file structure.txt (compact mmCIF, C-alpha atoms)
# COMPACT_ATOMS: atom_id res chain seq x y z
CA MET H 1 156.78 140.05 193.78
CA THR H 2 156.74 138.81 190.21
CA ASN H 3 159.44 139.85 187.75
CA ALA H 4 157.03 142.25 186.08
CA THR H 5 156.19 143.86 189.43
CA VAL H 6 159.88 144.23 190.31
CA TRP H 7 160.55 145.87 186.94
CA ARG H 8 157.63 148.27 187.36
CA THR H 9 158.72 149.13 190.90
CA ARG H 10 162.21 150.02 189.71
CA LEU H 11 160.74 152.13 186.94
CA ALA H 12 158.48 153.91 189.44
CA GLN H 13 161.49 154.70 191.66
CA ALA H 14 163.41 156.11 188.70
CA LEU H 15 160.61 158.36 187.48
CA PRO H 16 160.47 162.00 188.66
CA PHE H 17 156.66 161.78 188.91
CA TYR H 18 154.02 159.51 190.39
CA TYR H 19 153.70 156.17 188.60
CA GLY H 20 149.94 156.58 188.40
CA TRP H 21 150.50 158.95 185.48
CA VAL H 22 152.10 156.05 183.58
CA ILE H 23 148.80 154.21 184.02
CA VAL H 24 146.99 157.27 182.68
CA GLY H 25 149.41 157.55 179.74
CA ASN H 26 148.82 153.94 178.79
CA GLY H 27 145.10 154.62 178.93
CA VAL H 28 145.56 157.46 176.45
CA ALA H 29 147.43 155.11 174.06
CA VAL H 30 144.64 152.56 174.32
CA SER H 31 142.06 155.29 173.82
CA LEU H 32 143.73 156.35 170.59
CA SER H 33 143.54 152.79 169.30
CA THR H 34 141.58 149.91 170.84
CA ARG H 35 139.00 152.01 172.62
CA THR H 36 138.14 153.91 169.44
CA VAL H 37 137.89 151.11 166.88
CA MET H 38 134.52 149.71 167.93
CA ALA H 39 133.04 152.97 169.22
CA VAL H 40 129.76 154.07 167.65
CA ALA H 41 131.33 157.38 166.60
CA THR H 42 133.81 155.45 164.44
CA LEU H 43 131.18 153.05 163.11
CA SER H 44 128.98 156.00 162.18
CA VAL H 45 131.20 156.84 159.19
CA PHE H 46 130.86 153.24 157.95
CA VAL H 47 127.03 153.19 158.05
CA VAL H 48 126.38 154.74 154.62
CA PRO H 49 129.23 153.17 152.58
CA MET H 50 128.75 149.66 153.99
CA THR H 51 124.96 149.57 153.84
CA GLN H 52 124.91 150.99 150.31
CA SER H 53 127.64 148.72 148.93
CA MET H 54 126.16 145.62 150.59
CA GLY H 55 122.48 146.48 150.24
CA TRP H 56 121.93 146.14 154.00
CA SER H 57 119.29 148.00 156.01
CA VAL H 58 120.32 150.55 158.63
CA GLY H 59 118.39 148.64 161.29
CA MET H 60 120.21 145.39 160.53
CA PHE H 61 123.54 147.19 160.56
CA SER H 62 122.76 148.89 163.89
CA GLY H 63 121.76 145.58 165.39
CA ALA H 64 125.39 144.47 165.57
CA VAL H 65 126.11 147.30 168.01
CA SER H 66 123.19 146.29 170.18
CA LEU H 67 123.99 142.58 170.09
CA GLY H 68 127.61 143.25 171.03
CA GLY H 69 126.42 145.33 173.94
CA LEU H 70 123.98 142.61 174.97
CA VAL H 71 126.80 140.05 175.13
CA ALA H 72 128.83 142.53 177.20
CA VAL H 73 125.97 142.71 179.69
CA PHE H 74 126.64 139.08 180.62
CA ILE H 75 130.45 139.15 180.62
CA SER H 76 130.89 142.47 182.47
CA PRO H 77 130.41 141.01 185.98
CA VAL H 78 133.06 138.38 185.23
CA VAL H 79 135.45 140.99 183.82
CA GLY H 80 134.92 143.11 186.93
CA ARG H 81 135.98 140.26 189.23
CA TRP H 82 139.04 139.62 187.06
CA LEU H 83 140.02 143.28 187.33
CA ASP H 84 139.92 143.17 191.13
CA LYS H 85 141.92 139.95 191.17
CA TYR H 86 144.46 140.35 188.34
CA GLY H 87 144.45 144.04 187.44
CA ALA H 88 143.76 145.83 184.17
CA GLY H 89 147.01 145.12 182.30
CA VAL H 90 146.18 141.62 181.06
CA ILE H 91 142.57 142.58 180.29
CA LEU H 92 143.59 145.61 178.21
CA GLY H 93 146.42 143.81 176.40
CA ALA H 94 144.36 140.79 175.44
CA GLY H 95 141.40 142.96 174.47
CA SER H 96 143.61 145.07 172.22
CA LEU H 97 145.04 142.00 170.49
CA ALA H 98 141.59 140.60 169.79
CA THR H 99 140.18 143.96 168.66
CA GLY H 100 142.99 144.54 166.18
CA ALA H 101 142.50 141.11 164.63
CA LEU H 102 138.72 141.58 164.41
CA ALA H 103 139.07 145.01 162.75
CA ILE H 104 141.29 143.55 160.04
CA GLY H 105 138.78 140.75 159.55
CA LEU H 106 135.97 143.29 159.02
CA ALA H 107 137.76 144.50 155.90
CA PHE H 108 136.89 141.20 154.19
CA VAL H 109 133.21 140.73 155.10
CA ALA H 110 130.70 140.14 152.30
CA HIS H 111 127.68 138.83 154.23
CA PRO H 112 125.71 140.10 157.25
CA LEU H 113 126.55 136.96 159.23
CA ALA H 114 130.28 137.53 158.76
CA PHE H 115 129.86 141.17 159.83
CA TYR H 116 128.04 140.12 162.97
CA CYS H 117 130.57 137.37 163.78
CA LEU H 118 133.39 139.94 163.74
CA TYR H 119 131.81 143.17 164.94
CA VAL H 120 129.75 141.71 167.80
CA PRO H 121 132.79 140.36 169.74
CA GLY H 122 134.65 143.60 169.01
CA ARG H 123 131.79 145.64 170.38
CA MET H 124 131.62 143.29 173.36
CA ILE H 125 135.29 144.02 174.14
CA PHE H 126 134.69 147.76 173.79
CA SER H 127 131.57 147.76 175.97
CA GLY H 128 132.93 145.40 178.63
CA PRO H 129 136.68 145.08 179.22
CA MET H 130 137.65 148.47 177.75
CA GLU H 131 134.90 150.50 179.39
CA ILE H 132 135.45 148.87 182.79
CA GLY H 133 139.21 148.36 182.61
CA LEU H 134 140.52 151.82 181.74
CA PRO H 135 138.63 153.95 184.29
CA THR H 136 139.08 151.26 186.96
CA ALA H 137 142.84 151.23 186.35
CA VAL H 138 142.98 155.01 186.80
CA SER H 139 140.63 155.06 189.80
CA ASN H 140 142.67 152.38 191.58
CA TRP H 141 145.78 154.60 191.40
CA PHE H 142 144.21 157.90 192.47
CA ILE H 143 142.03 159.23 195.26
CA ARG H 144 142.67 162.94 195.77
CA ARG H 145 143.42 163.63 192.10
CA ARG H 146 141.03 161.01 190.72
CA PRO H 147 138.93 163.59 188.80
CA LEU H 148 142.09 164.90 187.10
CA GLY H 149 143.31 161.40 186.22
CA LEU H 150 139.92 160.46 184.78
CA ALA H 151 139.76 163.78 182.92
CA VAL H 152 143.12 163.13 181.22
CA ASP H 153 141.92 159.65 180.29
CA ALA H 154 138.72 161.17 178.90
CA VAL H 155 140.66 163.74 176.89
CA GLY H 156 142.62 160.87 175.34
CA LYS H 157 139.38 159.11 174.49
CA GLY H 158 137.94 162.31 173.04
CA ALA H 159 141.05 162.84 170.94
CA GLY H 160 140.73 159.33 169.54
CA LEU H 161 137.04 159.77 168.76
CA ALA H 162 137.73 163.13 167.15
CA ILE H 163 140.66 162.05 164.99
CA VAL H 164 139.79 158.49 164.02
CA PRO H 165 136.28 158.95 162.49
CA TRP H 166 137.50 161.93 160.46
CA ALA H 167 140.63 160.07 159.33
CA MET H 168 138.59 156.98 158.42
CA GLN H 169 136.17 159.13 156.41
CA LEU H 170 139.14 160.46 154.42
CA ILE H 171 140.36 156.91 153.80
CA ILE H 172 136.86 155.78 152.79
CA THR H 173 136.54 158.72 150.40
CA GLY H 174 140.03 158.29 148.95
CA PHE H 175 140.13 154.49 148.90
CA ASP H 176 137.30 152.41 150.36
CA TRP H 177 135.82 151.27 153.65
CA ARG H 178 137.78 148.00 153.60
CA THR H 179 141.09 149.86 153.64
CA ALA H 180 139.81 151.89 156.59
CA TRP H 181 139.15 148.73 158.65
CA VAL H 182 142.65 147.38 157.95
CA THR H 183 144.14 150.69 159.06
CA LEU H 184 142.20 150.56 162.32
CA GLY H 185 143.40 147.02 163.01
CA ILE H 186 147.07 147.87 162.50
CA LEU H 187 146.76 150.96 164.72
CA THR H 188 145.28 148.88 167.52
CA LEU H 189 147.94 146.17 167.39
CA ALA H 190 150.68 148.81 167.46
CA LEU H 191 149.47 150.89 170.41
CA GLY H 192 147.24 148.72 172.56
CA VAL H 193 148.95 145.42 173.30
CA VAL H 194 152.54 145.53 174.60
CA PRO H 195 152.38 148.74 176.72
CA SER H 196 149.35 147.44 178.62
CA LEU H 197 151.02 144.13 179.42
CA LEU H 198 154.32 145.69 180.49
CA LEU H 199 153.30 148.84 182.36
CA VAL H 200 149.92 148.40 184.03
CA ALA H 201 149.85 147.20 187.64
CA ARG H 202 146.66 146.54 189.56
CA ARG H 203 147.04 149.02 192.45
CA PRO H 204 149.87 151.14 193.90
CA GLU H 205 149.91 148.99 197.04
CA ASP H 206 151.04 146.04 194.89
CA MET H 207 154.24 147.99 194.18
CA GLY H 208 154.71 149.32 197.71
CA LEU H 209 153.38 152.76 196.77
CA GLU H 210 150.65 154.98 198.17
CA PRO H 211 147.64 155.95 196.08
CA ASP H 212 148.14 159.50 194.90
CA PRO H 213 149.50 159.64 197.83
CA ALA H 214 146.46 158.96 199.99
CA PRO H 215 145.21 161.94 202.01
CA ALA H 216 144.88 161.69 205.75
CA GLN H 217 142.01 159.56 206.96
CA ASP H 218 140.59 162.31 209.11
CA ALA H 219 137.01 161.16 209.58
CA PRO H 220 134.71 158.27 208.78
CA ALA H 221 132.75 158.74 205.59
CA GLY H 222 129.42 158.71 207.39
CA GLN H 223 130.45 161.72 209.53
CA ARG H 224 131.50 163.91 206.61
CA SER H 225 129.30 166.35 204.74
CA GLU H 226 128.06 165.57 201.24
CA ALA H 227 130.43 168.17 199.88
CA SER H 228 133.42 166.12 201.01
CA LYS H 229 131.88 162.73 200.28
CA GLY H 230 132.69 162.23 196.64
CA SER H 231 132.72 165.95 195.96
CA GLY H 232 134.54 167.85 198.64
CA ASN H 233 137.96 169.42 198.82
CA SER H 234 140.86 167.07 198.34
CA GLY H 235 142.40 167.64 201.73
CA SER H 236 139.49 166.08 203.63
CA PHE H 237 138.73 163.19 201.30
CA ALA H 238 138.94 159.83 203.06
CA GLU H 239 138.27 156.55 201.30
CA THR H 240 135.57 154.13 202.42
CA ASN H 241 135.38 150.66 200.89
CA PHE H 242 132.09 148.80 200.48
CA THR H 243 131.71 145.12 199.76
CA VAL H 244 129.49 144.19 196.84
CA GLY H 245 126.71 143.11 199.18
CA GLN H 246 126.88 146.38 201.10
CA ALA H 247 126.80 148.41 197.90
CA LEU H 248 123.73 146.52 196.67
CA ARG H 249 121.87 147.49 199.83
CA THR H 250 122.23 151.22 199.18
CA ARG H 251 119.65 153.29 197.32
CA ALA H 252 122.35 155.22 195.46
CA PHE H 253 123.59 152.04 193.77
CA TRP H 254 120.32 151.45 191.95
CA ILE H 255 119.71 155.09 191.08
CA LEU H 256 123.21 155.43 189.62
CA ALA H 257 122.79 152.21 187.66
CA ILE H 258 119.54 153.39 186.06
CA PHE H 259 120.99 156.86 185.41
CA SER H 260 124.04 155.42 183.64
CA GLY H 261 121.87 153.11 181.54
CA ALA H 262 119.62 155.95 180.38
CA GLY H 263 122.49 158.35 179.75
CA MET H 264 124.48 155.86 177.70
CA MET H 265 121.40 154.83 175.72
CA VAL H 266 121.11 158.41 174.50
CA GLN H 267 124.86 158.76 173.91
CA ALA H 268 125.06 155.62 171.77
CA GLY H 269 121.84 156.26 169.88
CA VAL H 270 122.67 159.83 168.93
CA SER H 271 126.37 159.37 168.21
CA LEU H 272 125.91 156.37 165.89
CA HIS H 273 123.15 157.96 163.81
CA GLN H 274 124.08 161.65 163.81
CA VAL H 275 126.12 161.43 160.59
CA SER H 276 123.33 159.52 158.83
CA HIS H 277 120.79 162.05 160.13
CA TYR H 278 122.62 164.97 158.60
CA ILE H 279 123.18 163.13 155.31
CA SER H 280 119.43 162.44 155.19
CA GLN H 281 118.89 166.17 155.74
CA GLY H 282 120.90 166.92 152.61
CA VAL H 283 124.25 167.78 154.19
CA ASP H 284 127.33 166.78 152.17
CA PRO H 285 128.76 163.51 153.64
CA ARG H 286 132.18 165.13 154.18
CA PHE H 287 130.59 167.89 156.26
CA ALA H 288 128.17 165.50 157.94
CA ALA H 289 131.14 163.46 159.19
CA MET H 290 132.33 166.61 160.95
CA SER H 291 129.50 166.13 163.46
CA ALA H 292 131.16 162.93 164.73
CA SER H 293 134.49 164.71 165.17
CA THR H 294 132.84 167.76 166.75
CA PHE H 295 130.95 165.49 169.15
CA ALA H 296 134.23 163.88 170.19
CA LEU H 297 136.24 167.10 170.34
CA ALA H 298 133.67 168.69 172.66
CA GLN H 299 134.19 165.88 175.17
CA MET H 300 137.81 166.94 175.70
CA PRO H 301 137.26 170.39 177.29
CA ALA H 302 134.09 169.01 178.86
CA SER H 303 136.10 166.44 180.82
CA VAL H 304 138.37 169.15 182.21
CA PHE H 305 135.38 171.38 183.01
CA TRP H 306 133.41 168.73 184.88
CA ALA H 307 136.55 167.44 186.65
CA ALA H 308 137.32 170.93 187.93
CA LEU H 309 133.89 171.02 189.58
CA ALA H 310 133.93 167.44 190.87
CA ARG H 311 135.67 168.24 194.17
CA ARG H 312 133.71 171.46 194.68
CA MET H 313 130.08 170.40 194.17
CA PRO H 314 128.09 167.26 194.98
CA ILE H 315 128.43 164.85 192.09
CA ARG H 316 124.70 164.20 191.89
CA TYR H 317 124.07 167.86 191.00
CA LEU H 318 126.76 167.75 188.33
CA MET H 319 125.20 164.60 186.85
CA MET H 320 121.87 166.38 186.65
CA PHE H 321 123.37 169.40 184.89
CA ALA H 322 125.28 167.21 182.41
CA ALA H 323 122.10 165.28 181.59
CA PHE H 324 120.22 168.54 180.96
CA VAL H 325 122.94 169.69 178.55
CA VAL H 326 122.60 166.44 176.59
CA ALA H 327 118.81 166.76 176.51
CA LEU H 328 118.95 170.33 175.19
CA ALA H 329 121.53 169.48 172.52
CA ALA H 330 119.71 166.31 171.43
CA GLY H 331 116.62 168.42 170.95
CA GLY H 332 118.70 170.80 168.84
CA THR H 333 119.82 167.90 166.68
CA VAL H 334 116.19 167.23 165.76
CA VAL H 335 115.85 170.62 164.04
CA SER H 336 119.39 170.93 162.61
CA ASP H 337 119.49 170.74 158.83
CA TRP H 338 122.62 172.68 157.81
CA LEU H 339 126.25 172.92 158.89
CA LEU H 340 126.26 175.56 161.65
CA PRO H 341 123.38 174.20 163.81
CA GLU H 342 124.71 170.70 163.09
CA LEU H 343 128.06 171.56 164.65
CA VAL H 344 126.51 173.46 167.58
CA SER H 345 124.20 170.54 168.42
CA ALA H 346 126.99 167.97 168.06
CA ALA H 347 129.23 170.05 170.33
CA GLY H 348 126.46 170.33 172.91
CA VAL H 349 125.81 166.59 172.96
CA GLY H 350 129.54 165.94 173.23
CA PHE H 351 129.98 168.44 176.07
CA GLY H 352 127.17 166.86 178.08
CA VAL H 353 128.20 163.30 177.29
CA GLY H 354 131.76 164.13 178.32
CA GLY H 355 130.37 165.08 181.71
CA LEU H 356 128.26 161.94 181.95
CA HIS H 357 131.21 159.69 181.15
CA LEU H 358 133.55 161.30 183.67
CA LEU H 359 131.02 161.67 186.48
CA ILE H 360 129.65 158.13 186.17
CA ARG H 361 133.18 156.71 186.38
CA LEU H 362 134.07 159.00 189.26
CA VAL H 363 130.99 158.50 191.38
CA TRP H 364 131.33 154.73 191.70
CA ALA H 365 134.91 154.98 192.99
CA ASP H 366 134.14 157.92 195.29
CA TYR H 367 130.97 156.40 196.73
CA TYR H 368 132.13 152.78 197.13
CA GLY H 369 135.96 152.79 197.26
CA ARG H 370 138.70 150.91 195.38
CA GLU H 371 138.79 147.53 197.09
CA ASN H 372 135.88 145.99 195.16
CA LEU H 373 135.56 148.64 192.45
CA GLY H 374 136.02 146.26 189.52
CA THR H 375 133.32 143.89 190.72
CA ILE H 376 130.89 146.71 191.50
CA ARG H 377 131.54 148.35 188.15
CA GLY H 378 131.17 145.01 186.41
CA LEU H 379 127.66 144.63 187.81
CA THR H 380 126.60 148.18 187.04
CA MET H 381 128.23 148.10 183.62
CA SER H 382 125.64 145.50 182.63
CA VAL H 383 122.95 148.17 182.99
CA GLN H 384 125.06 150.82 181.30
CA VAL H 385 125.92 148.56 178.38
CA GLY H 386 122.29 147.52 178.15
CA GLY H 387 121.42 151.16 177.59
CA GLN H 388 124.14 151.50 174.98
CA ALA H 389 122.77 148.43 173.24
CA LEU H 390 119.22 149.78 173.13
CA GLY H 391 120.04 153.27 171.86
CA PRO H 392 121.35 152.46 168.36
CA VAL H 393 118.74 149.83 167.56
CA ILE H 394 115.88 152.05 168.77
CA ALA H 395 117.06 154.84 166.51
CA GLY H 396 117.78 152.49 163.60
CA PHE H 397 114.42 150.78 163.51
CA MET H 398 112.54 154.03 164.18
CA PHE H 399 114.33 155.47 161.15
CA ASP H 400 113.40 152.46 159.04
CA TYR H 401 109.73 152.90 160.07
CA PHE H 402 109.37 156.72 159.98
CA ASP H 403 112.10 157.46 157.41
CA SER H 404 113.36 160.18 159.76
CA TYR H 405 115.54 160.54 162.86
CA ARG H 406 113.42 163.30 164.40
CA ILE H 407 111.23 161.00 166.50
CA PRO H 408 114.04 158.86 168.02
CA PHE H 409 116.16 161.94 168.78
CA THR H 410 113.17 163.59 170.50
CA PHE H 411 112.65 160.43 172.55
CA PHE H 412 116.32 160.50 173.58
CA ALA H 413 116.10 164.14 174.67
CA VAL H 414 113.13 163.42 176.96
CA ALA H 415 114.71 160.25 178.40
CA VAL H 416 117.98 161.89 179.43
CA PHE H 417 116.14 164.90 180.88
CA LEU H 418 114.13 162.61 183.17
CA ALA H 419 117.32 160.74 184.14
CA GLY H 420 118.87 164.05 185.18
CA ILE H 421 116.00 164.75 187.54
CA MET H 422 116.34 161.27 189.03
CA ALA H 423 120.08 161.81 189.72
CA LEU H 424 119.25 164.24 192.50
CA ALA H 425 118.11 161.32 194.66
CA ALA H 426 121.53 159.61 194.47
CA LYS H 427 122.87 160.86 197.81
CA PRO H 428 126.22 159.42 198.99
CA PRO H 429 125.72 156.22 201.02
CA GLN H 430 126.68 156.18 204.69
CA ALA H 431 129.80 154.23 205.59
CA PRO H 432 129.10 150.61 206.64
CA THR H 433 128.86 150.15 210.39
CA ALA H 434 130.40 147.24 212.20
CA ALA H 435 128.14 144.25 212.90
CA PRO H 436 128.35 141.25 215.21
CA PRO H 437 130.21 138.22 213.79
CA GLY H 438 128.14 136.29 211.27
CA GLU H 439 125.85 139.24 210.47
CA PRO H 440 126.20 141.66 207.53
CA ALA H 441 127.36 145.19 208.23
CA SER H 442 124.53 147.69 208.04
CA VAL H 443 124.48 150.48 205.48
CA SER H 444 122.16 153.38 204.74
CA GLY H 445 121.64 155.81 201.92
call {"tool": "encode", "arguments": {"input": "structure.txt", "output": "structure tokens"}}
result
Amino acid sequence: MTNATVWRTRLAQALPFYYGWVIVGNGVAVSLSTRTVMAVATLSVFVVPMTQSMGWSVGMFSGAVSLGGLVAVFISPVVGRWLDKYGAGVILGAGSLATGALAIGLAFVAHPLAFYCLYVPGRMIFSGPMEIGLPTAVSNWFIRRRPLGLAVDAVGKGAGLAIVPWAMQLIITGFDWRTAWVTLGILTLALGVVPSLLLVARRPEDMGLEPDPAPAQDAPAGQRSEASKGSGNSGSFAETNFTVGQALRTRAFWILAIFSGAGMMVQAGVSLHQVSHYISQGVDPRFAAMSASTFALAQMPASVFWAALARRMPIRYLMMFAAFVVALAAGGTVVSDWLLPELVSAAGVGFGVGGLHLLIRLVWADYYGRENLGTIRGLTMSVQVGGQALGPVIAGFMFDYFDSYRIPFTFFAVAVFLAGIMALAAKPPQAPTAAPPGEPASVSG
């Protein structure tokens, strides 16, 4: 054991609760800082002041989000392998350090190239290391209570996305957008770096602990009903680990990848442009900014709601229902032009997106196990981040062409509705069966 592992093990023995909750607590701290800085909900309050003061187009501004996501598409598989090998602590600590420095640098930009040079790598860190690292860290420490652990992590993320955009809007209104970027950078350096490096271990087995603790391995995954495979009661949940090659040979892998890409395209496209949409509809900017906070606040109870159902119903049905909620609320956004329907639509999108985030993170760990989770998530994150990259730029350039957000938001509503229907086909894969030496294990589903 390394010195850090010995120190963590002693801390775990001294605590009156399972050390996995320390991992969750660190995730909350990162969610209140690093994870929030480069989120589209936070950037949404910078769209109007930065484009107006610099004379930039909305499409050009939105392109930085998409380009950062595009870069993350290529680095996510590498980050996933690092997570399986080294754990999330180093990834989260280094990512927080870089994000804080980049946020402070954004306060001094005066040219589109400088903005891209700083925001694109920040968005890459958000879309890659942060989005893979935090849920993977939690999933590696929990099996039976994985939905609860991911729900707490999601509540922390929702709290950050609710508080930070609103607080930055106050700073922008009272001072300027440059001061807001400096504030974000300092917050990130204070909360995201040292705790991640000191506290986060890769898996409980590295510290001589059991995961959660692990429930009894009472039956192979292929012999259990769908209700207990990734969705059943906690007492009968047994973990099955797939290799990357085995996962790639299952139908569910590809369906889930496409579903996550479509769902996150809608989430990113709507959340970045919702404040601008309401301002264009004549809503006061201070009230329009409330849509970003409402969107984030709604994700907090949503995470608890969907987590409570995640061990009682098949996950694929829950993914379908969450997608339908997003589709309905995105359609409501199209026709919202004053405060009350604005807040109702934003809350609906947030409630559905909260379900999508939690269920997508949960389903990969439940379907394919912890052993190669980082690598598998790294591959699938490329599709998810690709969707997040497309959403903002689609909405931005459609707005530049039509001078309205109604058409892109209608497109998003239809896309996520169709993705929800597709989710029904993502049945849990059968456990790999043993194969003769030199031949790959067979899988089905």
call {"tool": "closest_atom_pairs", "arguments": {"input": "structure.txt", "of": "stretch 309-371 of chain H", "to": "stretch 376-392 of chain H", "cutoff": "10 Å", "atoms": "all atoms listed in the file", "output": "JSON lines"}}
result
{"residue": "H:Ile360", "atom": "CA", "partner": "H:Gln384", "partner_atom": "CA", "distance": 9.9}
{"residue": "H:Arg361", "atom": "CA", "partner": "H:Arg377", "partner_atom": "CA", "distance": 8.7}
{"residue": "H:Trp364", "atom": "CA", "partner": "H:Arg377", "partner_atom": "CA", "distance": 7.3}
{"residue": "H:Ala365", "atom": "CA", "partner": "H:Arg377", "partner_atom": "CA", "distance": 8.9}
{"residue": "H:Tyr368", "atom": "CA", "partner": "H:Ile376", "partner_atom": "CA", "distance": 8.4}
{"residue": "H:Gly369", "atom": "CA", "partner": "H:Ile376", "partner_atom": "CA", "distance": 9.8}
{"residue": "H:Arg370", "atom": "CA", "partner": "H:Ile376", "partner_atom": "CA", "distance": 9.7}
{"residue": "H:Glu371", "atom": "CA", "partner": "H:Ile376", "partner_atom": "CA", "distance": 9.7}
call {"tool": "residues_around", "arguments": {"input": "structure.txt", "residues": "stretch 415-419 of chain H", "least_positions_apart": "4", "cutoff": "9 Å", "atoms": "all atoms listed in the file", "output": "PyMOL selection string"}}
result
chain H and resi 258-260+262-263+265-266+320+323-328+410-411+423
call {"tool": "atom_distance", "arguments": {"input": "structure.txt", "atom1": "atom CA of H:Val109", "atom2": "atom CA of H:Ser404"}}
result
28.2 Å
call {"tool": "residues_near_point", "arguments": {"input": "structure.txt", "point": "(135.8, 152.2, 174.9)", "cutoff": "9 Å", "atoms": "only C-alpha atoms", "output": "list in words"}}
result
Val30, Ser31, Thr34, Arg35, Thr36, Val37, Met38, Ala39, Arg123, Ile125, Phe126, Ser127, Gly128, Pro129, Met130, Glu131, Ile132, Leu134 and Lys157 of chain H
call {"tool": "atom_distance", "arguments": {"input": "structure.txt", "atom1": "atom CA of H:Pro16", "atom2": "atom CA of H:Ser33"}}
result
27.3 Å
call {"tool": "atom_distance", "arguments": {"input": "structure.txt", "atom1": "atom CA of H:Ala347", "atom2": "atom CA of H:Ala298"}}
result
5.2 Å
call {"tool": "closest_residue", "arguments": {"input": "structure.txt", "among": "H:Val152, H:Leu197, H:Val304, H:Ala268", "to": "H:Gly25", "atoms": "only C-alpha atoms"}}
result
H:Val152
call {"tool": "closest_residue", "arguments": {"input": "structure.txt", "among": "H:Ala103, H:Leu191, H:Val73, H:Val48", "to": "H:Arg178", "atoms": "only C-alpha atoms"}}
result
H:Ala103
call {"tool": "residues_around", "arguments": {"input": "structure.txt", "residues": "stretch 87-94 of chain H", "least_positions_apart": "4", "cutoff": "9 Å", "atoms": "all atoms listed in the file", "output": "PyMOL selection string"}}
result
chain H and resi 30+34+79+82-83+98-99+129-130+132-134+136-137+192-203+374
call {"tool": "build_atoms", "arguments": {"input": "structure.txt", "residues": "stretch 203-207 of chain H", "atoms": "all heavy atoms", "output": "PDB file, in the frame of the given file"}}
result
ATOM      1  N   ARG H 203     147.186 147.908 191.521  1.00  0.00           N
ATOM      2  CA  ARG H 203     147.040 149.020 192.450  1.00  0.00           C
ATOM      3  C   ARG H 203     148.422 149.462 192.914  1.00  0.00           C
ATOM      4  O   ARG H 203     149.380 148.686 192.874  1.00  0.00           O
ATOM      5  CB  ARG H 203     146.207 148.614 193.679  1.00  0.00           C
ATOM      6  CG  ARG H 203     144.771 148.227 193.389  1.00  0.00           C
ATOM      7  CD  ARG H 203     143.972 148.109 194.688  1.00  0.00           C
ATOM      8  NE  ARG H 203     142.619 147.608 194.436  1.00  0.00           N
ATOM      9  CZ  ARG H 203     142.204 146.382 194.717  1.00  0.00           C
ATOM     10  NH1 ARG H 203     143.042 145.525 195.273  1.00  0.00           N
ATOM     11  NH2 ARG H 203     140.964 146.003 194.462  1.00  0.00           N
ATOM     12  N   PRO H 204     148.562 150.690 193.420  1.00  0.00           N
ATOM     13  CA  PRO H 204     149.870 151.140 193.900  1.00  0.00           C
ATOM     14  C   PRO H 204     150.384 150.311 195.071  1.00  0.00           C
ATOM     15  O   PRO H 204     151.606 150.120 195.226  1.00  0.00           O
ATOM     16  CB  PRO H 204     149.621 152.599 194.303  1.00  0.00           C
ATOM     17  CG  PRO H 204     148.140 152.724 194.448  1.00  0.00           C
ATOM     18  CD  PRO H 204     147.553 151.755 193.477  1.00  0.00           C
ATOM     19  N   GLU H 205     149.481 149.807 195.900  1.00  0.00           N
ATOM     20  CA  GLU H 205     149.910 148.990 197.040  1.00  0.00           C
ATOM     21  C   GLU H 205     150.645 147.739 196.597  1.00  0.00           C
ATOM     22  O   GLU H 205     151.502 147.224 197.335  1.00  0.00           O
ATOM     23  CB  GLU H 205     148.691 148.611 197.897  1.00  0.00           C
ATOM     24  CG  GLU H 205     148.056 149.767 198.647  1.00  0.00           C
ATOM     25  CD  GLU H 205     147.021 150.532 197.842  1.00  0.00           C
ATOM     26  OE1 GLU H 205     146.944 150.317 196.615  1.00  0.00           O
ATOM     27  OE2 GLU H 205     146.279 151.339 198.447  1.00  0.00           O
ATOM     28  N   ASP H 206     150.358 147.225 195.393  1.00  0.00           N
ATOM     29  CA  ASP H 206     151.040 146.040 194.890  1.00  0.00           C
ATOM     30  C   ASP H 206     152.521 146.320 194.609  1.00  0.00           C
ATOM     31  O   ASP H 206     153.320 145.385 194.523  1.00  0.00           O
ATOM     32  CB  ASP H 206     150.371 145.545 193.600  1.00  0.00           C
ATOM     33  CG  ASP H 206     148.954 145.067 193.836  1.00  0.00           C
ATOM     34  OD1 ASP H 206     148.591 144.828 194.999  1.00  0.00           O
ATOM     35  OD2 ASP H 206     148.195 144.949 192.852  1.00  0.00           O
ATOM     36  N   MET H 207     152.869 147.597 194.451  1.00  0.00           N
ATOM     37  CA  MET H 207     154.240 147.990 194.180  1.00  0.00           C
ATOM     38  C   MET H 207     154.859 148.720 195.378  1.00  0.00           C
ATOM     39  O   MET H 207     155.914 149.347 195.265  1.00  0.00           O
ATOM     40  CB  MET H 207     154.301 148.895 192.945  1.00  0.00           C
ATOM     41  CG  MET H 207     153.898 148.187 191.664  1.00  0.00           C
ATOM     42  SD  MET H 207     153.648 149.302 190.256  1.00  0.00           S
ATOM     43  CE  MET H 207     155.170 150.248 190.242  1.00  0.00           C
TER      44      MET H 207
END
